[in-house]
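Pasting model-v2.pdb here (PDB, C-alpha atoms, pLDDT in the B column):
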ATOM      1  CA  MET S   1      -7.102  57.378 -90.624  1.00 84.00           C
ATOM      2  CA  LYS S   2     -10.828  57.101 -91.164  1.00 95.00           C
ATOM      3  CA  LEU S   3     -11.323  54.625 -94.018  1.00 95.00           C
ATOM      4  CA  THR S   4     -14.715  56.034 -94.968  1.00 95.00           C
ATOM      5  CA  ASP S   5     -12.932  59.247 -95.967  1.00 97.00           C
ATOM      6  CA  TYR S   6     -11.180  57.302 -98.740  1.00 98.00           C
ATOM      7  CA  ILE S   7     -13.156  54.106 -99.436  1.00 98.00           C
ATOM      8  CA  SER S   8     -16.793  53.791-100.442  1.00 97.00           C
ATOM      9  CA  VAL S   9     -19.052  50.854-101.174  1.00 96.00           C
ATOM     10  CA  ASN S  10     -22.115  51.730-103.206  1.00 95.00           C
ATOM     11  CA  PRO S  11     -24.266  49.121-104.975  1.00 96.00           C
ATOM     12  CA  ALA S  12     -24.760  51.587-107.846  1.00 94.00           C
ATOM     13  CA  VAL S  13     -20.997  51.984-108.447  1.00 95.00           C
ATOM     14  CA  CYS S  14     -18.798  49.153-109.764  1.00 96.00           C
ATOM     15  CA  HIS S  15     -21.363  46.528-108.734  1.00 95.00           C
ATOM     16  CA  GLY S  16     -20.929  47.412-105.054  1.00 96.00           C
ATOM     17  CA  LYS S  17     -17.214  46.697-104.909  1.00 97.00           C
ATOM     18  CA  ALA S  18     -15.049  48.864-102.672  1.00 97.00           C
ATOM     19  CA  CYS S  19     -13.766  51.906-104.565  1.00 98.00           C
ATOM     20  CA  ILE S  20     -11.653  54.919-103.865  1.00 98.00           C
ATOM     21  CA  LYS S  21     -14.219  57.500-102.791  1.00 97.00           C
ATOM     22  CA  GLY S  22     -15.359  59.808-105.577  1.00 95.00           C
ATOM     23  CA  THR S  23     -13.883  57.576-108.302  1.00 96.00           C
ATOM     24  CA  ARG S  24     -14.589  54.300-110.050  1.00 96.00           C
ATOM     25  CA  VAL S  25     -11.126  53.001-109.169  1.00 98.00           C
ATOM     26  CA  MET S  26     -11.693  49.791-107.248  1.00 98.00           C
ATOM     27  CA  VAL S  27      -9.599  48.969-104.201  1.00 98.00           C
ATOM     28  CA  SER S  28      -8.812  45.647-105.869  1.00 97.00           C
ATOM     29  CA  VAL S  29      -7.212  47.499-108.804  1.00 98.00           C
ATOM     30  CA  ILE S  30      -4.902  49.373-106.435  1.00 98.00           C
ATOM     31  CA  LEU S  31      -4.025  46.162-104.616  1.00 98.00           C
ATOM     32  CA  ASP S  32      -3.467  44.250-107.866  1.00 98.00           C
ATOM     33  CA  ASN S  33      -1.079  46.951-109.042  1.00 98.00           C
ATOM     34  CA  LEU S  34       0.854  46.811-105.785  1.00 98.00           C
ATOM     35  CA  ALA S  35       0.968  43.006-105.896  1.00 97.00           C
ATOM     36  CA  ALA S  36       2.345  43.191-109.438  1.00 98.00           C
ATOM     37  CA  GLY S  37       5.208  45.332-108.175  1.00 98.00           C
ATOM     38  CA  ALA S  38       3.984  48.801-109.112  1.00 98.00           C
ATOM     39  CA  LYS S  39       5.376  51.613-107.007  1.00 97.00           C
ATOM     40  CA  THR S  40       2.969  54.069-105.426  1.00 97.00           C
ATOM     41  CA  GLU S  41       4.327  56.786-107.737  1.00 97.00           C
ATOM     42  CA  GLN S  42       3.323  54.689-110.755  1.00 98.00           C
ATOM     43  CA  ILE S  43      -0.186  54.193-109.382  1.00 98.00           C
ATOM     44  CA  LEU S  44      -0.520  57.916-108.697  1.00 98.00           C
ATOM     45  CA  GLN S  45       0.519  58.653-112.286  1.00 98.00           C
ATOM     46  CA  GLY S  46      -1.808  56.038-113.742  1.00 97.00           C
ATOM     47  CA  TYR S  47      -4.754  57.079-111.604  1.00 97.00           C
ATOM     48  CA  PRO S  48      -4.463  60.845-111.022  1.00 97.00           C
ATOM     49  CA  SER S  49      -7.751  60.916-109.092  1.00 96.00           C
ATOM     50  CA  VAL S  50      -6.200  58.645-106.432  1.00 98.00           C
ATOM     51  CA  SER S  51      -4.169  60.156-103.586  1.00 97.00           C
ATOM     52  CA  LEU S  52      -1.355  58.633-101.598  1.00 98.00           C
ATOM     53  CA  ASP S  53      -3.638  58.533 -98.551  1.00 98.00           C
ATOM     54  CA  ALA S  54      -6.241  56.668-100.616  1.00 98.00           C
ATOM     55  CA  ILE S  55      -3.626  54.043-101.520  1.00 98.00           C
ATOM     56  CA  LYS S  56      -2.742  53.675 -97.839  1.00 97.00           C
ATOM     57  CA  ALA S  57      -6.453  53.372 -97.010  1.00 98.00           C
ATOM     58  CA  ALA S  58      -6.849  50.645 -99.642  1.00 98.00           C
ATOM     59  CA  ILE S  59      -4.053  48.654 -98.003  1.00 97.00           C
ATOM     60  CA  ILE S  60      -5.567  49.084 -94.547  1.00 97.00           C
ATOM     61  CA  TYR S  61      -9.020  48.181 -95.885  1.00 97.00           C
ATOM     62  CA  ALA S  62      -7.639  44.948 -97.374  1.00 95.00           C
ATOM     63  CA  ASN S  63      -5.884  44.062 -94.126  1.00 94.00           C
ATOM     64  CA  ASN S  64      -9.153  44.473 -92.237  1.00 90.00           C
ATOM     65  CA  LYS S  65     -11.104  42.175 -94.573  1.00 80.00           C
TER      66      LYS S  65
END

Entire entry expressed as structure tokens:
Amino acid sequence: MKLTDYISVNPAVCHGKACIKGTRVMVSVILDNLAAGAKTEQILQGYPSVSLDAIKAAIIYANNK
């Protein structure tokens, strides 16, 4: 999986925080939801612009930081 296909960091978007590419959904929001016990299905429903692969990329991105 190529993280840059799913994660972007742009100083002009969300103050330069890592986001799901093409959205304003920050990686930290995905991770916070997972940490709070949300299932991936719940995240996909709550953020329809986010794909399952993007959630996986967010997890990998966090593990590499």

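We find atom CA of S:Ala36 and atom CA of S:Gly16 to be spaced 24.1 Å apart.
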
Looking at S:Ser8, S:Asn33, S:Ser49, S:Thr40, which one is nearest to S:Tyr61, with distances taken over all atoms listed in the file? S:Ser8

The PyMOL selection byres ((chain S and resi 22) around 10) applied to the shown file, residues as a ChimeraX atom specification: /S:5-8,19-21,23-25,49-50

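Listed by chain and then by number, the residues chosen by the PyMOL selection byres ((chain S and resi 1) around 9) in this file are S:Lys2, S:Leu3, S:Thr4, S:Asp5, S:Asp53, S:Ala57.
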
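Going from atom CA of S:Ala54 to atom CA of S:Gly37 covers 17.8 Å.
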
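Here the PyMOL selection byres ((chain S and resi 29) around 12) catches exactly these residues: Cys14, Lys17, Ala18, Cys19, Ile20, Arg24, Val25, Met26, Val27, Ser28, Ile30, Leu31, Asp32, Asn33, Leu34, Ala35, Ala36, Ala38, Ile43, Gly46, Tyr47, Val50, Ile55, Ala58, Ile59 and Ala62 of chain S.
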